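*Asks:* The file below is final_24.cif, mmCIF, C-alpha atoms and all ligand atoms:
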```
data_coords
loop_
_atom_site.label_atom_id
_atom_site.label_comp_id
_atom_site.auth_asym_id
_atom_site.auth_seq_id
_atom_site.Cartn_x
_atom_site.Cartn_y
_atom_site.Cartn_z
CA MET A 269 -15.20 -1.99 -11.47
CA ILE A 270 -12.91 -3.28 -8.74
CA ARG A 271 -11.95 -6.93 -9.25
CA HIS A 272 -9.00 -7.49 -6.94
CA HIS A 273 -9.20 -7.12 -3.16
CA PRO A 274 -6.81 -7.71 -0.26
CA ALA A 275 -7.06 -11.08 1.48
CA GLU A 276 -9.36 -11.25 4.48
CA ALA A 277 -6.31 -11.92 6.66
CA SER A 278 -4.78 -8.67 5.39
CA LEU A 279 -7.93 -6.70 6.27
CA ILE A 280 -7.88 -8.19 9.78
CA ALA A 281 -4.16 -7.46 10.19
CA CYS A 282 -4.73 -3.92 8.89
CA ALA A 283 -7.56 -3.31 11.36
CA ALA A 284 -5.46 -4.78 14.17
CA GLY A 285 -2.48 -2.64 13.24
CA THR A 286 -0.18 -5.65 12.95
CA ILE A 287 1.12 -4.92 9.44
CA PRO A 288 3.64 -2.21 8.56
CA ILE A 289 2.02 1.22 8.21
CA ALA A 290 3.01 1.48 4.52
CA HIS A 291 0.99 -1.65 3.67
CA ALA A 292 -1.90 -0.44 5.86
CA HIS A 293 -2.00 2.83 3.90
CA VAL A 294 -2.32 0.91 0.63
CA ILE A 295 -5.10 -1.32 1.96
CA ARG A 296 -6.96 1.67 3.38
CA SER A 297 -6.59 3.50 0.05
CA HIS A 298 -8.23 0.52 -1.60
CA ALA A 299 -10.94 0.41 1.10
CA ALA A 300 -11.68 4.09 0.48
CA ARG A 301 -12.72 3.00 -3.05
CA CYS A 302 -14.23 -0.38 -2.13
CA PRO A 303 -17.35 -0.49 0.09
CA ALA A 304 -16.94 -4.26 0.64
CA CYS A 305 -13.42 -3.94 2.05
CA ALA A 306 -14.36 -0.81 4.02
CA ALA A 307 -17.08 -2.93 5.68
CA GLY A 308 -14.56 -5.74 6.17
CA LEU A 309 -12.17 -3.39 7.94
CA ARG A 310 -14.96 -2.13 10.21
CA THR A 311 -16.05 -5.69 11.03
CA ALA A 312 -12.47 -6.70 11.76
CA GLY A 313 -12.10 -3.67 14.04
CA ASP A 314 -15.36 -4.51 15.84
CA THR A 315 -14.32 -8.14 16.23
CA GLY A 316 -11.02 -7.06 17.72
CA GLY A 317 -12.92 -4.88 20.17
CA ALA A 318 -15.17 -7.80 21.11
CA LEU A 319 -12.12 -10.00 21.72
CA LEU A 320 -10.66 -7.31 23.96
CA ASP A 321 -13.94 -7.31 25.91
CA GLY A 322 -13.33 -10.96 26.75
CA LEU A 323 -9.91 -10.36 28.29
CA ALA A 324 -9.35 -10.39 32.03
CA PRO A 325 -9.41 -6.85 33.52
CA ALA A 326 -6.08 -5.12 34.00
CA PRO A 327 -5.30 -2.11 36.18
CA MET A 328 -5.46 1.24 34.31
CA ALA A 329 -4.40 4.77 35.02
CA PRO A 330 -6.97 6.66 37.12
CA ASP A 331 -7.66 9.15 34.30
CA ALA A 332 -7.84 6.54 31.50
CA LEU A 333 -11.63 6.67 31.20
CA ALA A 334 -11.75 10.47 31.14
CA ARG A 335 -9.05 10.60 28.45
CA THR A 336 -10.80 7.97 26.32
CA LEU A 337 -14.14 9.82 26.58
CA ALA A 338 -12.44 13.07 25.62
CA ARG A 339 -10.98 11.43 22.53
CA LEU A 340 -14.35 9.94 21.57
CA GLU A 341 -16.00 13.35 21.92
CA ALA A 342 -13.40 14.83 19.63
CA THR A 343 -14.31 12.29 16.90
CA PRO A 344 -17.12 13.42 14.58
CA VAL A 345 -20.03 10.96 14.60
CA GLY A 346 -21.78 9.75 11.45
CA SER A 347 -19.12 9.74 8.80
CA ALA A 348 -16.64 7.90 10.99
CA PRO A 349 -13.66 6.95 8.83
CA VAL A 350 -12.56 3.30 8.76
CA ALA A 351 -9.02 4.49 9.05
CA PRO A 352 -6.87 6.93 10.85
CA ALA A 353 -7.07 9.62 8.21
CA PHE A 354 -4.65 8.98 5.38
CA ASP A 355 -4.46 12.05 3.19
CA LEU A 356 -2.85 10.83 0.01
CA ALA A 357 -3.08 14.25 -1.63
CA ALA A 358 -1.14 15.84 1.23
CA LEU A 359 1.41 13.04 1.33
CA ALA A 360 1.85 13.08 -2.45
CA SER A 361 3.00 16.66 -2.61
CA GLY A 362 6.60 15.72 -3.35
CA ARG A 363 8.41 15.60 -6.65
CA TRP A 364 8.23 12.91 -9.29
CA ARG A 365 11.68 11.50 -9.96
CA ARG A 366 12.15 10.09 -13.44
CA VAL A 367 13.92 6.75 -13.16
CA ALA A 368 13.57 5.47 -16.74
CA PRO A 369 11.82 6.64 -19.91
CA GLY A 370 8.11 6.87 -19.08
CA ILE A 371 8.61 5.80 -15.45
CA ALA A 372 8.69 8.07 -12.39
CA ILE A 373 8.64 7.51 -8.65
CA MET A 374 7.57 9.74 -5.79
CA LYS A 375 8.76 8.69 -2.34
CA LEU A 376 5.99 9.06 0.24
CA LEU A 377 7.31 7.33 3.36
CA PRO A 378 10.95 6.36 3.75
CA ARG A 379 12.03 2.88 4.77
CA ASP A 380 10.95 2.32 8.38
CA ALA A 381 11.91 -0.05 11.21
CA THR A 382 10.04 -2.89 9.44
CA ASP A 383 12.14 -2.23 6.30
CA SER A 384 8.97 -1.08 4.51
CA ARG A 385 8.49 1.99 2.37
CA LEU A 386 5.63 3.68 0.56
CA ASP A 387 5.91 5.13 -2.94
CA LEU A 388 3.85 6.32 -5.83
CA ILE A 389 4.95 4.99 -9.19
CA ARG A 390 3.77 6.44 -12.49
CA VAL A 391 4.18 4.45 -15.69
CA ALA A 392 3.31 5.79 -19.15
CA PRO A 393 0.92 3.70 -21.27
CA GLY A 394 2.70 0.74 -22.89
CA ARG A 395 5.80 1.05 -20.71
CA ALA A 396 6.98 -1.94 -18.67
CA LEU A 397 8.94 -2.10 -15.46
CA LEU A 398 12.05 -4.25 -15.50
CA SER A 399 11.44 -7.88 -14.74
CA HIS A 400 11.87 -8.40 -11.01
CA GLY A 401 11.14 -10.58 -8.03
CA HIS A 402 10.70 -9.69 -4.37
CA THR A 403 12.32 -10.50 -1.06
CA GLY A 404 9.29 -9.49 0.99
CA PRO A 405 5.61 -8.59 0.64
CA GLU A 406 4.40 -5.90 -1.76
CA THR A 407 0.95 -4.30 -1.62
CA THR A 408 -0.27 -2.18 -4.53
CA CYS A 409 -3.38 -0.08 -5.10
CA VAL A 410 -3.97 1.15 -8.64
CA LEU A 411 -5.02 4.81 -8.52
CA THR A 412 -5.30 5.57 -12.25
CA GLY A 413 -4.89 3.64 -15.47
CA ALA A 414 -4.25 -0.10 -15.51
CA PHE A 415 -1.41 -2.61 -15.73
CA ALA A 416 -0.95 -6.27 -16.55
CA ASP A 417 1.84 -8.53 -15.31
CA GLY A 418 1.02 -12.02 -16.58
CA THR A 419 -0.88 -12.90 -13.41
CA GLY A 420 -3.80 -10.61 -14.24
CA ILE A 421 -5.04 -7.21 -15.34
CA PHE A 422 -5.30 -4.60 -12.60
CA ALA A 423 -7.29 -1.39 -13.01
CA ALA A 424 -8.11 1.66 -10.91
CA GLY A 425 -9.14 0.70 -7.40
CA ASP A 426 -7.73 -2.82 -7.56
CA CYS A 427 -5.50 -4.02 -4.73
CA VAL A 428 -2.71 -6.47 -5.49
CA GLU A 429 -0.81 -8.38 -2.83
CA ALA A 430 2.43 -10.10 -3.77
CA ASP A 431 4.85 -12.11 -1.72
CA ALA A 432 8.48 -13.06 -2.15
CA ALA A 433 7.49 -15.86 -4.55
CA LEU A 434 6.20 -13.49 -7.25
CA ASP A 435 8.34 -12.74 -10.29
CA HIS A 436 6.74 -10.33 -12.70
CA THR A 437 7.14 -7.66 -15.36
CA PRO A 438 4.31 -5.15 -14.85
CA CYS A 439 3.35 -3.29 -18.02
CA ALA A 440 1.03 -0.26 -18.15
CA LEU A 441 -1.90 -0.76 -20.52
CA PRO A 442 -2.82 1.73 -23.26
CA GLY A 443 -4.83 4.77 -22.18
CA GLU A 444 -3.79 7.03 -19.33
CA ASP A 445 -0.70 6.91 -17.10
CA CYS A 446 -0.87 4.07 -14.61
CA ILE A 447 -0.26 5.50 -11.14
CA CYS A 448 0.02 3.05 -8.27
CA LEU A 449 0.47 3.39 -4.53
CA ILE A 450 2.98 0.72 -3.57
CA ALA A 451 4.21 -0.54 -0.21
CA THR A 452 7.27 -2.77 -0.33
CA THR A 453 9.05 -4.59 2.46
CA HIS A 454 12.69 -5.49 1.92
CA HIS A 455 14.09 -5.16 -1.58
CA LEU A 456 13.25 -6.04 -5.16
CA ARG A 457 15.30 -8.69 -6.94
CA ALA A 458 16.23 -7.51 -10.41
CA HIS A 459 16.67 -10.27 -13.01
CA SER A 460 18.64 -8.36 -15.63
CA TRP A 461 22.00 -6.63 -15.47
CA LEU A 462 20.19 -3.37 -16.23
CA GLY A 463 17.81 -3.93 -13.35
CA ARG A 464 20.67 -4.71 -11.00
CA LEU A 465 22.27 -1.49 -12.14
CA VAL A 466 19.12 0.60 -11.63
CA ARG A 467 17.88 -0.93 -8.36
CA PRO A 468 20.31 0.91 -6.07
CA LEU A 469 19.34 4.18 -7.78
CA LEU A 470 15.70 3.52 -6.94
CA GLY A 471 16.58 2.43 -3.43
CA MET A 472 14.08 -0.42 -3.90
ZN ZN A 501 -12.02 -4.49 -1.79
#
```
Would you write out, as structure tokens, the structure that this file holds?
Ligand SMILES: [Zn+2]
*Replies:*
Amino acid sequence: MIRHHPAEASLIACAAGTIPIAHAHVIRSHAARCPACAAGLRTAGDTGGALLDGLAPAPMAPDALARTLARLEATPVGSAPVAPAFDLAALASGRWRRVAPGIAIMKLLPRDATDSRLDLIRVAPGRALLSHGHTGPETTCVLTGAFADGTGIFAAGDCVEADAALDHTPCALPGEDCICLIATTHHLRAHSWLGRLVRPLLGM
């Protein structure tokens, strides 16, 4: 059962395309598992469309209508996705890189112009990440397993949003590997000498 959802403001920003694409992918991955947030994304998209309707008309290219209609016709009706298709399986075809005992990372999207990146992280049951803080937002969707970090317990499907104020030591719970899709903006702040040593290796 999903217990943790993105903030409403994040759903609206995701629908409006005003957050970095890495964070949007994480929120949409959660929404693919969460009917409530999928509906929230659709409502936010519809609301944005209604707001656009209220704007003063602006001149458009002569073929704008024809091109828009052509794109609509190309979109299958009925099972309309809430998102531009995000194929995690296709994106996650890279290699796991072991970064510590029981911990591996797969880079999905490299750091972009917003200084955001998208990764998969896999943590063996009972293993903890090094204690760290953040210098920017982090959005996580748990894909398998579960972890706890002192602020809560997060299981498959849950979405966790953190900001620069969060310091935590996530630890995978017993059971299966905990695999998370994580978007981070800016860098992590390691609290230990070991963390400071490892952080450049991770690039995080
Ligand atoms: Zn949700």
*Asks:* Can you tell me how far CA of Val391 (chain A) sits from CA of Arg363 (chain A), in Å to one decimal?
*Replies:* 15.0 Å
*Asks:* Around (-2.3, 4.6, -12.1) in the file's own coordinates, what residues are found within 9 Å if you use only C-alpha atoms, given back as number ranges by chain?
*Replies:* A: 388-391, 409-415, 423-424, 440, 444-449
*Asks:* Give the residues close to ligand ZN 501 (chain A), within 8 Å, counting all atoms listed in the file; write them as JSON, numbers by chain.
*Replies:* {"A": [270, 271, 272, 273, 274, 298, 299, 301, 302, 303, 304, 305, 306, 426, 427]}
*Asks:* What does the structure give for the distance between CA of Gly418 (chain A) and CA of Asp435 (chain A), in Å to one decimal?
*Replies:*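 Computing it gives 9.7 Å between the two atoms.
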*Asks:* Which of these, A:Ala451, A:Met328, A:Ile371, A:Val428, has the shortest distance to Pro288 (chain A) once you count only C-alpha atoms?
*Replies:*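 Using only C-alpha atoms, Pro288 (chain A) sits closest to A:Ala451.
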*Asks:* How many Å lie between CA of Ala307 (chain A) and CA of Cys282 (chain A), rounded to one decimal?
*Replies:*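 Spanning CA of Ala307 (chain A) to CA of Cys282 (chain A) is a straight-line distance of 12.8 Å.
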*Asks:* Which of these residues is nearest to Thr311 (chain A), using all atoms listed in the file: A:Ala283, A:Leu356, A:Ala332, A:Ala290?
*Replies:*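 Closest residue, counting all atoms listed in the file: A:Ala283.
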